[in-house]
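Asker: Have a peek at run-v7.tsv (TSV, C-alpha atoms).
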```tsv
chain	number	residue	atom	x	y	z
A	1	MET	CA	14.57	7.11	11.84
A	2	LEU	CA	11.76	9.54	12.55
A	3	ALA	CA	13.01	12.51	10.57
A	4	VAL	CA	10.95	15.69	10.75
A	5	SER	CA	12.73	18.04	8.34
A	6	ALA	CA	9.36	19.06	6.86
A	7	LEU	CA	8.61	20.87	10.10
A	8	SER	CA	11.05	23.61	9.22
A	9	ARG	CA	8.81	24.79	6.39
A	10	HIS	CA	6.07	26.08	8.73
A	11	PRO	CA	6.95	29.47	10.22
A	12	GLN	CA	3.54	29.73	11.91
A	13	MET	CA	4.66	27.06	14.37
A	14	MET	CA	7.90	28.84	15.32
A	15	ALA	CA	8.59	30.96	18.36
A	16	GLY	CA	11.70	33.07	18.64
A	17	SER	CA	13.75	35.26	16.38
A	18	GLU	CA	15.37	32.80	13.98
A	19	ASP	CA	13.59	32.11	10.70
A	20	ALA	CA	11.70	28.94	9.79
A	21	GLU	CA	14.69	27.46	7.94
A	22	SER	CA	16.97	27.72	10.96
A	23	PRO	CA	19.30	24.71	11.18
A	24	LYS	CA	19.06	24.95	14.97
A	25	ARG	CA	15.28	24.68	14.88
A	26	ARG	CA	15.46	21.67	12.56
A	27	ALA	CA	18.02	20.08	14.88
A	28	ILE	CA	15.75	20.61	17.90
A	29	LEU	CA	12.75	19.04	16.18
A	30	ASN	CA	14.71	16.07	14.89
A	31	ALA	CA	16.38	15.46	18.25
A	32	ALA	CA	13.12	15.73	20.17
A	33	THR	CA	11.29	13.32	17.87
A	34	GLU	CA	14.07	10.75	18.10
A	35	LEU	CA	14.29	11.01	21.89
A	36	PHE	CA	10.53	10.82	22.44
A	37	ALA	CA	10.30	7.71	20.27
A	38	ALA	CA	13.29	6.01	21.87
A	39	ARG	CA	12.79	6.84	25.57
A	40	GLY	CA	9.19	7.92	26.04
A	41	TYR	CA	7.82	11.37	26.75
A	42	GLY	CA	8.28	11.38	30.52
A	43	ALA	CA	11.91	10.26	30.40
A	44	VAL	CA	13.00	13.05	28.07
A	45	SER	CA	13.92	16.42	29.57
A	46	MET	CA	14.40	19.73	27.80
A	47	ASP	CA	18.04	19.50	28.90
A	48	ALA	CA	18.40	16.20	27.05
A	49	ILE	CA	16.81	17.66	23.93
A	50	ALA	CA	19.16	20.65	24.02
A	51	ARG	CA	22.19	18.35	24.35
A	52	ALA	CA	21.04	16.03	21.56
A	53	ALA	CA	20.37	18.99	19.27
A	54	ASP	CA	23.66	20.63	20.25
A	55	VAL	CA	22.00	23.92	21.16
A	56	SER	CA	21.86	25.96	24.35
A	57	LYS	CA	18.84	25.84	26.62
A	58	ALA	CA	18.26	29.52	25.83
A	59	THR	CA	18.01	28.69	22.13
A	60	LEU	CA	15.70	25.76	22.82
A	61	TYR	CA	13.33	27.86	24.93
A	62	ALA	CA	13.44	30.70	22.39
A	63	HIS	CA	11.81	28.34	19.91
A	64	PHE	CA	9.61	26.25	22.22
A	65	GLU	CA	8.46	27.46	25.61
A	66	SER	CA	7.72	23.97	26.94
A	67	LYS	CA	8.06	20.29	26.17
A	68	ASP	CA	4.38	19.89	25.41
A	69	ARG	CA	4.51	22.82	22.95
A	70	LEU	CA	7.44	21.14	21.22
A	71	PHE	CA	5.53	17.86	21.01
A	72	ALA	CA	2.44	19.68	19.73
A	73	THR	CA	4.50	21.20	16.93
A	74	ILE	CA	5.77	17.79	15.86
A	75	VAL	CA	2.24	16.38	15.70
A	76	HIS	CA	0.62	19.45	14.12
A	77	VAL	CA	3.04	19.84	11.26
A	78	ALA	CA	3.24	16.10	10.61
A	79	CYS	CA	-0.53	16.17	10.08
A	80	LEU	CA	-0.37	19.23	7.83
A	81	GLU	CA	2.34	17.64	5.73
A	82	ASN	CA	0.89	14.16	5.41
A	83	ILE	CA	-2.86	13.91	5.97
A	84	MET	CA	-4.76	16.45	3.90
A	85	PRO	CA	-2.71	18.89	1.85
A	86	ALA	CA	-4.66	21.60	0.06
A	87	ASP	CA	-4.66	19.84	-3.31
A	88	ASP	CA	-6.45	16.82	-1.79
A	89	LEU	CA	-9.51	18.95	-0.93
A	90	PRO	CA	-10.60	20.64	-4.16
A	91	GLU	CA	-12.10	24.09	-3.82
A	92	ASP	CA	-13.62	24.35	-7.28
A	93	GLY	CA	-17.22	23.86	-6.17
A	94	ALA	CA	-19.61	20.97	-5.73
A	95	LEU	CA	-18.67	17.52	-6.97
A	96	ASP	CA	-20.94	14.93	-8.52
A	97	MET	CA	-21.15	11.54	-6.83
A	98	ALA	CA	-18.54	9.87	-9.05
A	99	SER	CA	-16.03	12.66	-8.50
A	100	LEU	CA	-16.84	12.73	-4.80
A	101	GLY	CA	-16.02	9.04	-4.45
A	102	GLU	CA	-12.73	9.53	-6.28
A	103	VAL	CA	-11.74	12.44	-4.03
A	104	LEU	CA	-12.69	10.51	-0.89
A	105	ARG	CA	-10.55	7.59	-2.05
A	106	THR	CA	-7.63	9.97	-2.55
A	107	ILE	CA	-8.14	11.55	0.86
A	108	GLY	CA	-8.66	8.20	2.56
A	109	GLY	CA	-5.56	6.69	1.00
A	110	ARG	CA	-3.45	9.64	2.06
A	111	ILE	CA	-4.76	9.50	5.62
A	112	LEU	CA	-4.36	5.76	6.04
A	113	ARG	CA	-0.84	5.74	4.62
A	114	PHE	CA	0.02	8.51	7.08
A	115	PHE	CA	-1.46	6.52	9.96
A	116	LEU	CA	0.73	3.56	8.97
A	117	LEU	CA	4.03	5.45	8.80
A	118	ASP	CA	6.57	4.23	11.36
A	119	ARG	CA	6.75	7.77	12.76
A	120	SER	CA	2.97	8.07	13.11
A	121	LEU	CA	2.68	4.68	14.80
A	122	ALA	CA	5.52	5.57	17.19
A	123	ILE	CA	3.85	8.84	18.20
A	124	HIS	CA	0.49	7.14	18.67
A	125	ARG	CA	1.98	4.40	20.85
A	126	LEU	CA	3.82	7.02	22.88
A	127	VAL	CA	0.66	9.03	23.52
A	128	ILE	CA	-1.39	5.97	24.50
A	129	ALA	CA	1.32	4.77	26.88
A	130	GLU	CA	1.95	8.06	28.67
A	131	SER	CA	-1.01	10.42	28.36
A	132	VAL	CA	-2.59	9.29	31.65
A	133	ARG	CA	0.57	10.33	33.51
A	134	PHE	CA	1.11	13.38	31.29
A	135	PRO	CA	-2.27	14.85	30.30
A	136	GLU	CA	-0.58	17.68	28.40
A	137	LEU	CA	0.82	15.07	26.02
A	138	GLY	CA	-2.63	13.67	25.27
A	139	ARG	CA	-4.07	17.17	24.87
A	140	ALA	CA	-1.30	18.24	22.48
A	141	PHE	CA	-1.81	15.13	20.37
A	142	TYR	CA	-5.60	15.36	20.36
A	143	ASP	CA	-5.86	19.05	19.51
A	144	ASN	CA	-3.12	19.13	16.91
A	145	GLY	CA	-3.79	15.76	15.30
A	146	PRO	CA	-7.31	14.25	15.39
A	147	VAL	CA	-9.22	17.49	16.06
A	148	ALA	CA	-7.41	19.58	13.46
A	149	GLY	CA	-7.74	16.91	10.78
A	150	ARG	CA	-11.39	16.20	11.59
A	151	GLN	CA	-12.37	19.88	11.47
A	152	ARG	CA	-10.78	20.43	8.09
A	153	LEU	CA	-12.38	17.31	6.63
A	154	ALA	CA	-15.76	18.20	8.16
A	155	ALA	CA	-15.73	21.69	6.63
A	156	TRP	CA	-15.09	20.22	3.20
A	157	MET	CA	-17.82	17.59	3.60
A	158	ALA	CA	-20.32	20.26	4.62
A	159	SER	CA	-19.62	22.12	1.36
A	160	GLN	CA	-20.65	19.16	-0.82
A	161	PRO	CA	-24.37	19.07	-1.74
A	162	ALA	CA	-24.04	15.46	-2.90
A	163	LEU	CA	-23.59	14.57	0.79
A	164	ASP	CA	-26.25	14.80	3.49
A	165	VAL	CA	-24.23	15.41	6.66
A	166	PRO	CA	-26.40	16.89	9.42
A	167	ASP	CA	-23.38	16.93	11.73
A	168	PRO	CA	-20.24	17.26	9.57
A	169	GLU	CA	-17.81	16.62	12.43
A	170	VAL	CA	-19.57	13.36	13.31
A	171	ALA	CA	-19.48	12.34	9.64
A	172	ALA	CA	-15.77	13.16	9.41
A	173	GLU	CA	-15.05	11.24	12.61
A	174	GLN	CA	-16.92	8.23	11.29
A	175	PHE	CA	-15.00	8.31	8.01
A	176	LEU	CA	-11.72	8.40	9.89
A	177	GLY	CA	-12.94	5.58	12.10
A	178	LEU	CA	-13.69	3.42	9.06
A	179	LEU	CA	-10.07	3.83	7.99
A	180	ARG	CA	-8.83	2.64	11.40
A	181	SER	CA	-9.77	-0.95	10.69
A	182	GLY	CA	-8.12	-4.18	11.74
A	183	LEU	CA	-5.28	-3.33	9.38
A	184	TYR	CA	-4.40	-0.27	11.43
A	185	LEU	CA	-4.79	-2.12	14.73
A	186	ARG	CA	-2.44	-4.87	13.60
A	187	ALA	CA	0.13	-2.29	12.53
A	188	THR	CA	-0.19	-0.46	15.85
A	189	LEU	CA	0.48	-3.72	17.68
A	190	GLY	CA	3.41	-4.54	15.40
A	191	LEU	CA	1.81	-7.73	14.10
A	192	ALA	CA	2.84	-9.26	10.78
A	193	PRO	CA	2.39	-9.03	7.92
A	194	ALA	CA	3.16	-5.40	7.16
A	195	PRO	CA	0.32	-3.82	5.15
A	196	ASP	CA	0.92	-3.65	1.42
A	197	ALA	CA	-0.61	-1.33	-1.19
A	198	ALA	CA	-3.38	-3.75	-2.09
A	199	ALA	CA	-4.46	-4.16	1.53
A	200	ILE	CA	-4.48	-0.39	2.06
A	201	GLU	CA	-6.52	0.19	-1.11
A	202	ALA	CA	-9.05	-2.44	-0.03
A	203	VAL	CA	-9.58	-0.76	3.35
A	204	VAL	CA	-9.98	2.66	1.72
A	205	ALA	CA	-12.44	1.37	-0.89
A	206	ALA	CA	-14.56	-0.30	1.80
A	207	ALA	CA	-14.50	2.84	3.95
A	208	VAL	CA	-15.56	5.10	1.08
A	209	GLY	CA	-18.32	2.72	0.00
A	210	THR	CA	-19.75	2.49	3.52
A	211	PHE	CA	-19.51	6.25	4.04
A	212	LEU	CA	-21.30	7.10	0.79
A	213	ARG	CA	-24.07	4.63	1.47
A	214	ALA	CA	-24.64	6.35	4.82
A	215	TYR	CA	-24.33	9.97	3.70
A	216	ARG	CA	-25.39	10.06	0.07
A	217	ALA	CA	-27.79	12.99	-0.38
```
As structure tokens, how would this structure be written, given the file I've shared?
Answerer:
Amino acid sequence: MLAVSALSRHPQMMAGSEDAESPKRRAILNAATELFAARGYGAVSMDAIARAADVSKATLYAHFESKDRLFATIVHVACLENIMPADDLPEDGALDMASLGEVLRTIGGRILRFFLLDRSLAIHRLVIAESVRFPELGRAFYDNGPVAGRQRLAAWMASQPALDVPDPEVAAEQFLGLLRSGLYLRATLGLAPAPDAAAIEAVVAAAVGTFLRAYRA
């Protein structure tokens, strides 16, 4: 199951008059996520989402003006909830190198575990399969997932004097790329074995080590 109940906690992503805890809004998001994963983006209509969520089309459009906006909400809030919550990016000033490595390992572990969630893999496969036919799908995913996460990570990296990052967004992109190793590719392709905690920690440790060697001030 690709449950998205966490989405209901983000009123900034809501359109319409009902509040962020609306059961109807939660039902729409859950139904849309399940249908997209099961049938593909192109095969799912707003009518089908309304029926699966047991809401009227008027209610559906009051919350989400289009299918791509609905998909963008799913991706955006999933990233906010799972990749880099505020407590993973400390705001108490500059870190020394030892503390910086520890924080990067925490961030990297959180990101990689999010990438490896069944829901995340399903969304990624869906986008890759259908974004050529539906460019709005690729744009929604790119802007609300990779771009948003990269910008937040880049801003934090730029604030750390222990790092020398002439182009913070490039540095952030490279760190994320190091996490998308063969482990992630195998998971995306559904190849066994499923990654365990030790394998994930090894990828994160290697990524952090390589990144710090490249960007140590």
Asker: Let me make sure I understand: among A:Arg180, A:Arg152, A:His76, A:Arg39, which one has the smallest atom-to-atom distance to Gly109 of chain A if we use all atoms listed in the file?
Answerer: A:Arg180
Asker: Closest to Leu212 of chain A among A:Ala158, A:Val170, A:Ala197, A:Leu100, using all atoms listed in the file?
Answerer: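 Result for the nearest residue to Leu212 of chain A: A:Leu100.
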Asker: With distances taken over all atoms listed in the file, which of A:Val55, A:Ile128, A:Ala38, A:Ala94 is nearest to Ser22 of chain A?
Answerer: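 The closest residue to Ser22 of chain A is A:Val55.
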Asker: Which of these residues is nearest to Tyr215 of chain A, using all atoms listed in the file: A:Met157, A:Glu65, A:Ala27, A:Tyr41?
Answerer: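 The answer is A:Met157, which sits nearest to Tyr215 of chain A.
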Asker: Quick one: of A:Ala31, A:Leu117, A:Ala199, A:Ile123, who's nearest to Leu137 of chain A, counting all atoms listed in the file?
Answerer: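 Of all the options, A:Ile123 lies closest to Leu137 of chain A.
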Asker: Would you mind listing what lies within 9 Å of Ser159 of chain A as a ChimeraX atom specification, with all atoms listed in the file counted and same-chain residues fewer than 3 positions away left out?
Answerer: /A:93-94,154-156,163
Asker: Enter the distance from atom CA of Asp96 of chain A to atom CA of Phe115 of chain A, in Å, rounded to one decimal.
Answerer: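 Computing the Euclidean distance for atom CA of Asp96 of chain A and atom CA of Phe115 of chain A yields 28.1 Å.
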Asker: Smallest atom-to-atom distance to Pro146 of chain A: which of A:Leu176, A:Ala217, A:Ala58, A:Leu185, using only C-alpha atoms?
Answerer: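 Of the candidates, the smallest distance to Pro146 of chain A is held by A:Leu176.
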Asker: In Å to one decimal, how far is atom CA of Ala98 of chain A from atom CA of Arg216 of chain A?
Answerer: 11.4 Å
Asker: At most 9 Å from (-2.5, 2.8, 5.4), file frame, all atoms listed in the file: which residues, as a PDB file with C-alpha atoms, keeping the file's coordinate frame?
Answerer:
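part_6.pdb, freshly written:
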```pdb
ATOM      1  CA  GLY A 108      -8.660   8.200   2.560  1.00  0.00           C
ATOM      2  CA  GLY A 109      -5.560   6.690   1.000  1.00  0.00           C
ATOM      3  CA  ARG A 110      -3.450   9.640   2.060  1.00  0.00           C
ATOM      4  CA  ILE A 111      -4.760   9.500   5.620  1.00  0.00           C
ATOM      5  CA  LEU A 112      -4.360   5.760   6.040  1.00  0.00           C
ATOM      6  CA  ARG A 113      -0.840   5.740   4.620  1.00  0.00           C
ATOM      7  CA  PHE A 114       0.020   8.510   7.080  1.00  0.00           C
ATOM      8  CA  PHE A 115      -1.460   6.520   9.960  1.00  0.00           C
ATOM      9  CA  LEU A 116       0.730   3.560   8.970  1.00  0.00           C
ATOM     10  CA  LEU A 117       4.030   5.450   8.800  1.00  0.00           C
ATOM     11  CA  LEU A 179     -10.070   3.830   7.990  1.00  0.00           C
ATOM     12  CA  ARG A 180      -8.830   2.640  11.400  1.00  0.00           C
ATOM     13  CA  LEU A 183      -5.280  -3.330   9.380  1.00  0.00           C
ATOM     14  CA  TYR A 184      -4.400  -0.270  11.430  1.00  0.00           C
ATOM     15  CA  PRO A 195       0.320  -3.820   5.150  1.00  0.00           C
ATOM     16  CA  ASP A 196       0.920  -3.650   1.420  1.00  0.00           C
ATOM     17  CA  ALA A 197      -0.610  -1.330  -1.190  1.00  0.00           C
ATOM     18  CA  ALA A 199      -4.460  -4.160   1.530  1.00  0.00           C
ATOM     19  CA  ILE A 200      -4.480  -0.390   2.060  1.00  0.00           C
ATOM     20  CA  GLU A 201      -6.520   0.190  -1.110  1.00  0.00           C
ATOM     21  CA  VAL A 203      -9.580  -0.760   3.350  1.00  0.00           C
ATOM     22  CA  VAL A 204      -9.980   2.660   1.720  1.00  0.00           C
TER      23      VAL A 204
END
```
Asker: For atom CA of Gly101 of chain A and atom CA of Ala206 of chain A, determine how far apart the two atoms are, in Å to one decimal place.
Answerer: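 Taking atom CA of Gly101 of chain A and atom CA of Ala206 of chain A, their separation equals 11.3 Å.
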Asker: Considering only C-alpha atoms, return as number ranges by chain whatever protein or nucleic-acid residues lie within 12 Å of Ser56 of chain A, sequence-local ones (same chain, fewer than 4 positions apart) excluded.
Answerer: A: 24-25, 27-28, 46-52, 60-63
